[in-house]
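> Provided herewith: query_37.txt, compact mmCIF, C-alpha atoms and all ligand atoms.
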# COMPACT_ATOMS: atom_id res chain seq x y z
CA MET A 1 86.48 232.26 199.46
CA PRO A 2 85.04 234.53 196.72
CA ARG A 3 81.65 235.95 197.71
CA ILE A 4 79.19 237.15 195.13
CA ALA A 5 76.17 239.43 195.51
CA VAL A 6 73.54 238.33 193.00
CA ILE A 7 70.87 240.78 191.81
CA PRO A 8 68.51 239.06 189.32
CA GLY A 9 66.70 242.37 188.65
CA ASP A 10 63.76 242.59 186.24
CA GLY A 11 62.21 240.72 183.33
CA ILE A 12 64.42 238.09 181.75
CA GLY A 13 67.16 239.16 184.18
CA VAL A 14 65.45 236.82 186.64
CA ASP A 15 65.24 233.97 184.11
CA VAL A 16 68.85 234.14 182.97
CA THR A 17 70.25 234.67 186.46
CA ARG A 18 68.60 231.44 187.64
CA GLU A 19 70.63 229.60 184.98
CA ALA A 20 73.81 231.53 185.72
CA VAL A 21 73.48 230.52 189.38
CA LYS A 22 73.01 226.87 188.36
CA VAL A 23 76.29 227.14 186.48
CA MET A 24 78.00 228.78 189.48
CA ALA A 25 76.77 225.87 191.62
CA ALA A 26 78.13 223.35 189.11
CA ILE A 27 81.48 225.13 189.07
CA ARG A 28 81.52 225.16 192.87
CA ASP A 29 80.93 221.41 192.75
CA ARG A 30 84.04 221.16 190.58
CA GLY A 31 86.11 222.41 193.50
CA ILE A 32 86.10 226.19 193.37
CA GLU A 33 84.92 227.65 196.63
CA LEU A 34 82.25 230.19 195.77
CA ASP A 35 79.50 231.58 197.86
CA TRP A 36 76.66 233.94 196.96
CA ASP A 37 73.73 235.79 198.42
CA GLU A 38 70.74 237.01 196.47
CA PHE A 39 69.41 240.59 196.71
CA ASP A 40 65.97 241.60 195.49
CA TYR A 41 66.63 245.11 194.14
CA CYS A 42 64.31 245.49 191.15
CA ALA A 43 61.32 247.39 189.75
CA ASP A 44 58.81 245.55 191.97
CA LYS A 45 60.71 246.53 195.09
CA TYR A 46 61.00 250.12 193.90
CA LEU A 47 57.29 250.32 193.10
CA ASP A 48 56.36 248.76 196.46
CA THR A 49 58.77 250.61 198.73
CA GLY A 50 60.48 253.42 196.81
CA ILE A 51 63.83 251.70 197.48
CA THR A 52 66.24 251.50 194.55
CA LEU A 53 69.70 250.56 195.84
CA PRO A 54 70.79 252.19 199.10
CA ASP A 55 74.32 253.53 199.47
CA GLU A 56 74.81 251.33 202.55
CA GLU A 57 74.20 248.27 200.40
CA ILE A 58 76.74 249.44 197.85
CA ALA A 59 79.20 249.82 200.74
CA ASN A 60 78.27 246.30 201.88
CA PHE A 61 79.02 244.92 198.40
CA ARG A 62 82.32 246.82 198.31
CA ASP A 63 83.42 245.68 201.76
CA ASN A 64 82.04 242.14 202.00
CA TYR A 65 81.79 240.77 198.45
CA ASP A 66 84.29 240.15 195.67
CA ALA A 67 81.85 240.58 192.81
CA VAL A 68 78.29 241.58 192.02
CA PHE A 69 76.29 239.68 189.40
CA VAL A 70 73.31 241.46 187.80
CA GLY A 71 70.73 239.84 185.48
CA ALA A 72 69.18 242.95 183.94
CA VAL A 73 67.16 245.94 185.05
CA GLY A 74 64.42 247.89 183.29
CA ASP A 75 60.65 247.73 183.51
CA PRO A 76 57.96 249.43 181.42
CA ARG A 77 56.20 250.52 184.65
CA VAL A 78 59.23 252.69 185.46
CA PRO A 79 59.64 254.63 182.21
CA ASP A 80 62.26 257.01 183.60
CA MET A 81 64.45 254.03 184.66
CA ALA A 82 64.76 255.57 188.17
CA HIS A 83 65.55 252.25 189.88
CA ALA A 84 67.72 250.95 187.06
CA ARG A 85 69.78 254.12 187.06
CA ASP A 86 70.48 253.74 190.77
CA ILE A 87 71.15 250.02 190.59
CA LEU A 88 73.22 249.68 187.44
CA LEU A 89 74.72 253.11 186.90
CA GLY A 90 74.87 253.55 190.70
CA LEU A 91 77.10 250.50 191.05
CA ARG A 92 79.23 251.41 188.04
CA PHE A 93 79.82 254.96 189.26
CA LYS A 94 79.97 254.47 193.03
CA LEU A 95 82.29 251.44 192.85
CA ASP A 96 84.33 253.36 190.24
CA LEU A 97 84.10 250.45 187.77
CA TYR A 98 85.80 252.35 184.99
CA VAL A 99 86.46 249.41 182.66
CA ASN A 100 83.49 248.06 180.76
CA TYR A 101 84.96 244.88 179.30
CA ARG A 102 82.90 243.51 176.43
CA PRO A 103 84.52 240.72 174.40
CA CYS A 104 83.17 240.16 170.87
CA HIS A 105 84.44 236.70 169.98
CA LEU A 106 82.47 234.82 167.38
CA LEU A 107 82.21 231.24 168.65
CA ASP A 108 80.93 229.56 165.50
CA GLU A 109 80.78 230.77 161.92
CA SER A 110 77.10 229.86 161.63
CA LEU A 111 76.25 232.52 164.23
CA CYS A 112 77.65 235.44 162.24
CA PRO A 113 75.30 237.52 160.06
CA LEU A 114 78.17 238.71 157.84
CA ARG A 115 78.88 236.98 154.54
CA ASP A 116 82.34 235.34 154.34
CA LYS A 117 83.31 236.25 157.92
CA GLY A 118 84.17 233.64 160.50
CA ILE A 119 85.81 233.15 163.88
CA LYS A 120 89.14 234.55 162.66
CA GLU A 121 87.57 237.75 161.37
CA VAL A 122 85.18 238.54 164.23
CA ASN A 123 87.45 238.39 167.24
CA PHE A 124 87.94 241.63 169.14
CA THR A 125 87.44 243.12 172.59
CA VAL A 126 85.78 246.42 173.36
CA PHE A 127 86.73 248.57 176.33
CA ARG A 128 84.07 251.12 177.07
CA GLU A 129 84.82 253.96 179.48
CA ASN A 130 82.24 253.36 182.21
CA THR A 131 82.26 256.25 184.71
CA GLU A 132 82.14 259.46 182.67
CA GLY A 133 80.99 260.93 179.38
CA LEU A 134 77.33 261.50 178.65
CA TYR A 135 76.39 259.14 181.49
CA SER A 136 77.73 261.50 184.17
CA HIS A 137 74.27 262.84 184.99
CA VAL A 138 75.40 266.43 184.59
CA GLY A 139 72.86 268.77 183.05
CA GLY A 140 69.35 269.92 183.69
CA HIS A 141 66.04 271.16 182.43
CA LEU A 142 64.76 274.67 182.01
CA LYS A 143 61.11 275.55 181.48
CA GLN A 144 60.24 271.84 181.33
CA GLY A 145 56.92 271.12 179.61
CA THR A 146 56.68 274.54 177.96
CA VAL A 147 57.36 275.54 174.37
CA ASP A 148 60.59 277.14 175.56
CA GLU A 149 61.85 273.92 177.12
CA VAL A 150 65.62 273.38 177.29
CA ALA A 151 67.40 270.11 178.08
CA ILE A 152 71.15 270.00 178.63
CA GLN A 153 73.14 266.76 178.98
CA THR A 154 76.82 267.40 179.46
CA SER A 155 79.58 264.99 178.52
CA VAL A 156 82.20 264.89 181.26
CA ASN A 157 85.67 263.74 180.21
CA THR A 158 88.60 263.90 182.60
CA ARG A 159 92.20 263.43 181.62
CA LYS A 160 92.54 260.81 184.36
CA GLY A 161 89.40 258.97 183.25
CA VAL A 162 90.28 258.87 179.56
CA GLU A 163 93.88 257.96 180.21
CA ARG A 164 93.09 255.04 182.52
CA ILE A 165 90.68 253.34 180.11
CA CYS A 166 93.11 253.82 177.21
CA ARG A 167 95.97 252.42 179.31
CA HIS A 168 93.82 249.47 180.32
CA ALA A 169 93.14 248.69 176.64
CA PHE A 170 96.87 248.72 175.84
CA GLU A 171 97.74 246.65 178.92
CA PHE A 172 95.13 244.08 177.91
CA ALA A 173 96.58 243.96 174.38
CA ARG A 174 100.08 243.49 175.78
CA GLU A 175 99.01 240.76 178.23
CA ARG A 176 97.19 238.84 175.51
CA GLY A 177 99.96 239.27 172.96
CA LEU A 178 97.76 241.37 170.67
CA GLY A 179 99.16 243.94 168.25
CA LYS A 180 96.49 246.57 167.70
CA VAL A 181 94.35 249.02 169.66
CA CYS A 182 91.84 251.28 167.91
CA MET A 183 90.27 254.32 169.57
CA SER A 184 86.99 255.73 168.34
CA ASP A 185 85.57 259.18 168.98
CA LYS A 186 83.82 262.00 167.15
CA SER A 187 86.65 264.50 167.34
CA ASN A 188 85.81 265.95 163.93
CA ALA A 189 82.59 267.40 165.36
CA MET A 190 83.03 267.38 169.15
CA ARG A 191 86.26 269.28 169.48
CA PHE A 192 86.57 269.65 173.25
CA GLU A 193 86.22 266.05 174.31
CA GLY A 194 87.65 264.87 171.00
CA ASP A 195 90.85 266.81 171.57
CA LEU A 196 91.27 265.28 175.04
CA TRP A 197 90.65 261.74 173.77
CA GLN A 198 93.06 262.19 170.86
CA ARG A 199 95.90 263.49 173.02
CA ALA A 200 95.38 261.06 175.89
CA PHE A 201 95.10 258.02 173.60
CA PHE A 202 98.11 258.77 171.40
CA GLU A 203 100.26 259.80 174.37
CA VAL A 204 99.45 256.54 176.20
CA ALA A 205 100.13 254.70 172.93
CA LYS A 206 103.76 255.95 173.01
CA GLU A 207 104.28 253.77 176.11
CA TYR A 208 103.41 250.74 173.96
CA PRO A 209 105.59 251.06 170.84
CA ASP A 210 105.08 247.36 170.08
CA ILE A 211 101.32 247.90 169.67
CA GLU A 212 99.79 249.67 166.69
CA ALA A 213 97.50 252.52 167.72
CA SER A 214 94.80 253.56 165.27
CA HIS A 215 91.66 255.66 165.13
CA TRP A 216 88.27 255.72 163.44
CA PHE A 217 85.52 258.27 163.89
CA ILE A 218 82.57 256.50 165.47
CA ASP A 219 80.38 256.54 162.35
CA ALA A 220 83.19 255.06 160.26
CA LEU A 221 84.04 252.55 163.00
CA LEU A 222 80.57 251.01 162.91
CA MET A 223 80.76 250.80 159.14
CA GLN A 224 84.21 249.16 159.33
CA MET A 225 82.99 246.65 161.93
CA VAL A 226 80.63 245.32 159.28
CA LYS A 227 82.93 245.72 156.30
CA ARG A 228 86.26 244.50 157.65
CA PRO A 229 85.92 243.34 161.29
CA GLU A 230 89.22 241.44 160.99
CA GLN A 231 91.14 244.73 161.35
CA PHE A 232 90.11 244.99 165.02
CA GLU A 233 91.76 243.39 168.03
CA VAL A 234 91.00 245.90 170.80
CA ILE A 235 88.64 248.88 170.55
CA VAL A 236 88.44 251.62 173.18
CA SER A 237 85.80 254.33 173.30
CA CYS A 238 83.74 256.56 175.54
CA ASN A 239 80.70 255.51 177.53
CA MET A 240 78.01 256.37 174.98
CA PHE A 241 79.79 255.15 171.86
CA GLY A 242 80.94 252.03 173.71
CA ASP A 243 77.32 251.20 174.48
CA ILE A 244 76.41 251.41 170.80
CA ILE A 245 79.54 249.61 169.54
CA THR A 246 78.85 246.65 171.83
CA ASP A 247 75.25 246.03 170.77
CA MET A 248 76.50 245.93 167.20
CA GLY A 249 79.44 243.75 168.29
CA ALA A 250 76.99 241.42 170.02
CA GLN A 251 75.01 240.99 166.83
CA LEU A 252 78.16 240.18 164.83
CA CYS A 253 78.73 237.31 167.29
CA GLY A 254 75.24 235.83 167.18
CA GLY A 255 73.07 238.28 169.08
CA MET A 256 72.32 239.74 172.48
CA GLY A 257 71.71 236.29 173.89
CA LEU A 258 75.46 235.60 173.80
CA ALA A 259 77.07 238.91 174.78
CA ALA A 260 78.78 238.97 178.19
CA SER A 261 80.33 241.86 180.07
CA GLY A 262 82.35 242.92 183.07
CA ASN A 263 82.27 246.32 184.79
CA ILE A 264 85.66 246.31 186.41
CA HIS A 265 87.98 248.24 188.66
CA PRO A 266 91.07 246.03 188.68
CA GLY A 267 91.65 244.61 192.14
CA ARG A 268 88.31 245.74 193.52
CA THR A 269 84.76 244.41 193.83
CA SER A 270 83.46 244.44 190.25
CA LEU A 271 80.15 243.84 188.48
CA PHE A 272 79.34 241.21 185.85
CA GLU A 273 76.22 241.09 183.69
CA PRO A 274 74.96 240.16 180.27
CA VAL A 275 75.03 243.08 177.79
CA HIS A 276 71.32 242.67 177.07
CA GLY A 277 68.43 244.20 178.98
CA SER A 278 65.31 242.86 180.64
CA ALA A 279 63.45 242.12 177.34
CA PRO A 280 60.06 242.41 179.11
CA LYS A 281 58.12 240.65 176.36
CA TYR A 282 60.05 237.42 176.99
CA ALA A 283 60.05 237.60 180.80
CA GLY A 284 59.06 234.43 182.64
CA LYS A 285 58.34 232.52 179.41
CA ASP A 286 61.34 230.20 179.38
CA ILE A 287 62.44 231.74 176.08
CA ALA A 288 65.37 234.00 176.98
CA ASN A 289 68.85 232.83 176.11
CA PRO A 290 70.86 232.50 179.36
CA LEU A 291 74.24 232.07 177.61
CA ALA A 292 75.18 235.76 177.89
CA ALA A 293 74.61 235.52 181.63
CA ILE A 294 76.49 232.21 181.81
CA LEU A 295 79.45 233.66 179.87
CA SER A 296 79.37 236.62 182.27
CA VAL A 297 79.94 234.10 185.08
CA GLY A 298 83.07 233.10 183.13
CA LEU A 299 84.27 236.73 182.99
CA MET A 300 83.55 237.06 186.71
CA LEU A 301 85.64 233.98 187.49
CA GLU A 302 88.41 235.42 185.30
CA HIS A 303 88.34 238.54 187.49
CA LEU A 304 88.40 236.37 190.63
CA GLY A 305 91.53 234.57 189.45
CA TYR A 306 90.06 231.56 187.61
CA PRO A 307 90.58 232.36 183.91
CA GLU A 308 90.16 228.74 182.80
CA TRP A 309 86.35 228.81 182.92
CA THR A 310 85.68 231.17 180.01
CA PRO A 311 87.35 228.89 177.43
CA ARG A 312 85.59 225.91 179.03
CA LEU A 313 82.18 227.60 178.73
CA GLU A 314 82.95 228.73 175.19
CA ASP A 315 83.82 225.13 174.24
CA ILE A 316 80.48 223.99 175.64
CA ILE A 317 78.62 226.60 173.60
CA ARG A 318 80.47 225.54 170.44
CA ALA A 319 79.35 221.98 171.14
CA MET A 320 75.76 223.18 171.64
CA VAL A 321 75.84 224.84 168.24
CA ARG A 322 77.31 221.72 166.61
CA GLU A 323 74.67 219.53 168.22
CA LYS A 324 71.94 222.08 167.46
CA LYS A 325 70.93 222.23 171.12
CA VAL A 326 70.39 225.98 171.15
CA PRO A 327 67.70 228.41 172.30
CA ARG A 328 65.24 230.13 170.00
CA ASP A 329 67.21 233.28 169.29
CA MET A 330 70.01 231.05 167.97
CA GLY A 331 67.65 229.14 165.73
CA GLY A 332 66.84 226.20 168.02
CA GLU A 333 64.14 225.12 170.42
CA LEU A 334 65.72 224.83 173.85
CA GLY A 335 64.06 226.81 176.64
CA THR A 336 65.98 228.94 179.13
CA ALA A 337 66.14 226.25 181.82
CA ALA A 338 67.05 223.50 179.35
CA VAL A 339 70.02 225.54 178.12
CA GLY A 340 71.25 225.96 181.70
CA ASP A 341 70.76 222.25 182.37
CA TRP A 342 72.66 221.36 179.19
CA VAL A 343 75.63 223.52 180.20
CA VAL A 344 75.61 222.03 183.71
CA LYS A 345 75.51 218.49 182.31
CA LYS A 346 78.51 219.22 180.09
CA LEU A 347 80.40 220.78 183.00
CA LYS A 348 79.94 217.55 184.93
CA ASN A 349 81.42 215.44 182.13
P1 LIG A 401 66.89 244.18 175.49
O1 LIG A 401 68.32 243.77 175.40
O2 LIG A 401 66.21 243.92 176.75
O3 LIG A 401 66.09 243.45 174.34
C1 LIG A 401 66.17 243.78 172.97
C2 LIG A 401 65.86 242.55 172.15
O4 LIG A 401 67.02 241.73 172.11
C3 LIG A 401 64.77 241.66 172.71
O5 LIG A 401 63.51 242.04 172.30
C4 LIG A 401 65.16 240.30 172.16
O6 LIG A 401 64.74 240.20 170.84
C5 LIG A 401 66.67 240.36 172.18
N1 LIG A 401 67.24 239.79 173.41
C6 LIG A 401 67.90 240.44 174.38
N2 LIG A 401 68.34 239.60 175.30
C7 LIG A 401 67.97 238.37 174.92
C8 LIG A 401 68.14 237.06 175.47
N3 LIG A 401 68.81 236.85 176.59
N4 LIG A 401 67.59 236.03 174.81
C9 LIG A 401 66.92 236.20 173.68
N5 LIG A 401 66.74 237.41 173.10
C10 LIG A 401 67.26 238.47 173.72
O7 LIG A 401 66.83 245.73 175.12
P2 LIG A 401 65.61 246.77 175.16
O8 LIG A 401 64.37 246.11 174.67
O9 LIG A 401 66.12 247.96 174.49
O10 LIG A 401 65.45 247.09 176.70
C11 LIG A 401 64.51 246.49 177.60
C12 LIG A 401 64.75 247.08 178.97
O11 LIG A 401 66.03 246.68 179.46
C13 LIG A 401 64.76 248.61 179.00
O12 LIG A 401 64.19 249.03 180.21
C14 LIG A 401 66.23 248.95 178.97
O13 LIG A 401 66.52 250.20 179.50
C15 LIG A 401 66.80 247.84 179.80
N6 LIG A 401 68.21 247.51 179.57
C16 LIG A 401 68.92 247.09 180.66
C17 LIG A 401 70.21 246.66 180.51
C18 LIG A 401 70.96 246.16 181.70
O14 LIG A 401 70.37 245.88 182.73
N7 LIG A 401 72.26 245.97 181.62
C19 LIG A 401 70.80 246.65 179.24
C20 LIG A 401 70.07 247.10 178.15
C21 LIG A 401 68.76 247.50 178.32
C1 LIG A 402 74.12 248.54 178.86
C2 LIG A 402 72.77 249.21 178.96
C3 LIG A 402 72.81 250.37 179.93
C4 LIG A 402 73.82 251.37 179.41
C5 LIG A 402 71.45 251.06 180.18
C6 LIG A 402 70.42 250.07 180.69
C7 LIG A 402 71.55 252.22 181.10
O1 LIG A 402 72.33 249.61 177.70
O2 LIG A 402 74.63 248.08 179.89
O3 LIG A 402 74.65 248.42 177.76
O4 LIG A 402 73.50 252.21 178.56
O5 LIG A 402 74.96 251.31 179.84
MN MN A 403 73.59 248.86 176.08
Show how you would write the structure in this file as structure tokens.

Amino acid sequence: MPRIAVIPGDGIGVDVTREAVKVMAAIRDRGIELDWDEFDYCADKYLDTGITLPDEEIANFRDNYDAVFVGAVGDPRVPDMAHARDILLGLRFKLDLYVNYRPCHLLDESLCPLRDKGIKEVNFTVFRENTEGLYSHVGGHLKQGTVDEVAIQTSVNTRKGVERICRHAFEFARERGLGKVCMSDKSNAMRFEGDLWQRAFFEVAKEYPDIEASHWFIDALLMQMVKRPEQFEVIVSCNMFGDIITDMGAQLCGGMGLAASGNIHPGRTSLFEPVHGSAPKYAGKDIANPLAAILSVGLMLEHLGYPEWTPRLEDIIRAMVREKKVPRDMGGELGTAAVGDWVVKKLKN
């Protein structure tokens, strides 16, 4: 039976996770054996005890759970993100979750901010490298707080790391019958890592002659995502650029309230979470949109071997839009809990 470790986290993470758990319960009632335990790692715990996320707990998740579900982390009382770094980046790095899977599928034309673009045009998947790059925590300070201060943040790119995320993007394209994979970097300015990404990507591409491999520099890619999103089926990029691409991708599909993600190592315990953060100003107000979290449950079930739930949840969201039963960020009036209840009611039909 799949076991899930649930970490609601901070801010609206708590609000949206409550709804995601309601949906998990409804899906369990439909016959899928699922079990979960909740863990209280968050800013409050860190401020009270100094505990972020112990290594023994990460080992517990790895050994005794099939997936981890996170709401969101981040709290204005912890400006250096100390706890969030250990919880979120800690899990991504220590579980070696090298695939950050972030689908950008527009569910209804009315949700797209682009003129004359609809569900056919905005329909791509982003694979963000998730264990290297500028997030590697390599660097340091010199003379901190003085006029001679120096800060160095090094981007780490390994041949193995770049190759495996590129290969994953092509494998995904092949499995889904897609014809195009686009890599984005900044190899015109950042020659060292750019050179590695260029060679690794185009060499992997040779193993997939049936799939068109293309490239945009990251600045041009973002421009093209707005101008002609229909050219994209699969996008692969490094950790930092992937982060930026996917907030923009989220907005093309109706906003952060709808963007789901998986942090995956195929075959191993993986982490699922909405793309958005803890939006502190909305915390506890029954305003946050839980659909990104609910769609992340769908991606989690896909990873656990139940791919049928994502299309089912997407159908329900399309119906919500048609019936105008949507939360505030999508132009409606439904509160967080009411959105969860609505999805659960539809799942029972
Ligand atoms: P954010 O995603 O929390 O919020 C940005 C804005 O997006 C919000 O003000 C709101 O307008 C909108 N928004 C986001 N999620 C929404 C939802 N579910 N429903 C309705 N509107 C929503 O980003 P931020 O303000 O840059 O970050 C807040 C905190 O969250 C920071 O501490 C940041 O580091 C952290 N963060 C965490 C994660 C994560 O846990 N995965 C992701 C991003 C940011
Ligand atoms: C995300 C977030 C995180 C990231 C932050 C909170 C460290 O923005 O998951 O997209 O940059 O990866
Ligand atoms: Mn982000």
> Smallest atom-to-atom distance to ligand LIG 402 (chain A): which of A:His276, A:His105, A:Arg167, A:His137, using all atoms listed in the file?
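Nearest candidate to ligand LIG 402 (chain A) out of A:His276, A:His105, A:Arg167, A:His137: A:His276.
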> Compute the distance from (70.8, 225.3, 172.4) to each atom, counting only C-alpha atoms, keep the residues with any atom at most 12 Å away, and return them as a PyMOL selection string; use the coordinates of the file.
chain A and resi 257-258+287-291+316-343
> Neighbours of A:Ala151 within 7 Å (only C-alpha atoms; same-chain residues fewer than 4 positions away dropped), as a list in words?
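So, after excluding close chain neighbours, the residues are Gly140, His141 and Leu142 of chain A.
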> Name the closest residue to A:Arg18 among the candidates A:Leu34, A:Leu252, A:Leu299, A:Ile294; distances are taken between atoms, counting all atoms listed in the file.
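The closest residue to A:Arg18 is A:Ile294.
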> Kindly give the distance, in Å, that separates atom CA of A:Ser261 and atom CA of A:Glu203, rounded to a single decimal.
27.4 Å
> Report as a ChimeraX atom specification which protein, DNA and RNA residues come within 8 Å of ligand LIG 401 (chain A), using all atoms listed in the file.
/A:9,12-13,16,70-76,79,81,84,88,255-258,273-282,287-293,327-329
> Please identify the residues whose atoms come within 9 Å of ligand MN 403 (chain A), using all atoms listed in the file, and report them as a list in words.
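Checked against 9 Å with all atoms listed in the file; the hits are Met240, Gly242, Asp243, Ile244, Ile245, Thr246, Asp247, Val275, His276 and Gly277 of chain A.
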> Would you mind listing what lies within 12 Å of A:Asp315 as a compact mmCIF listing (two decimals) with C-alpha atoms, keeping the file's coordinate frame, with all atoms listed in the file counted and same-chain residues fewer than 6 positions away left out?

# COMPACT_ATOMS: atom_id res chain seq x y z
CA LEU A 106 82.47 234.82 167.38
CA LEU A 107 82.21 231.24 168.65
CA ASP A 108 80.93 229.56 165.50
CA LEU A 295 79.45 233.66 179.87
CA GLY A 298 83.07 233.10 183.13
CA GLU A 308 90.16 228.74 182.80
CA TRP A 309 86.35 228.81 182.92
CA VAL A 321 75.84 224.84 168.24
CA ARG A 322 77.31 221.72 166.61
CA VAL A 343 75.63 223.52 180.20
CA LYS A 346 78.51 219.22 180.09
CA LEU A 347 80.40 220.78 183.00
> Find the distance between atom CA of A:Gln153 and atom CA of A:Val68 and write it in Å to one decimal.
28.8 Å
> Closest to ligand LIG 402 (chain A) among A:Ile165, A:Leu53, A:Ala82, A:Ile211, using all atoms listed in the file?
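Once distances to ligand LIG 402 (chain A) are computed over all atoms listed in the file, the minimum belongs to A:Ala82.
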> Work out how far atom CA of A:Ser237 is from atom CA of A:Ser155, in Å to one decimal.
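Interatomic distance, atom CA of A:Ser155 to atom CA of A:Ser237: 13.4 Å.
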> Smallest atom-to-atom distance to ligand LIG 402 (chain A): which of A:Cys238, A:Ala200, A:Ala283, A:Ala220, using all atoms listed in the file?
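When distances to ligand LIG 402 (chain A) are compared using all atoms listed in the file, the smallest one comes from A:Cys238.
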> Taking only C-alpha atoms and all ligand atoms into account, which of A:Cys112, A:Leu271, A:Val147, A:Ala173 comes nearest ligand LIG 402 (chain A)?
A:Leu271
> Identify which of the residues A:Gly31, A:Gly284, A:Val122, A:Arg77 lies closest to A:Asp48, counting all atoms listed in the file when measuring atom-to-atom distances.
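Looking at the shortest contact to A:Asp48, the residue is A:Arg77.
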> Just want the 7 Å neighbourhood of A:Val156, counted on all atoms listed in the file, with same-chain residues fewer than 3 positions away dropped. Output as a ChimeraX atom specification.
/A:132-134,136
> Contacts of A:Asn123 at 12 Å or less, counting only C-alpha atoms, minus same-chain residues fewer than 2 places along, as number ranges by chain?
A: 102-109, 112, 117-121, 125-126, 178, 225, 228-235, 249-250, 252-253
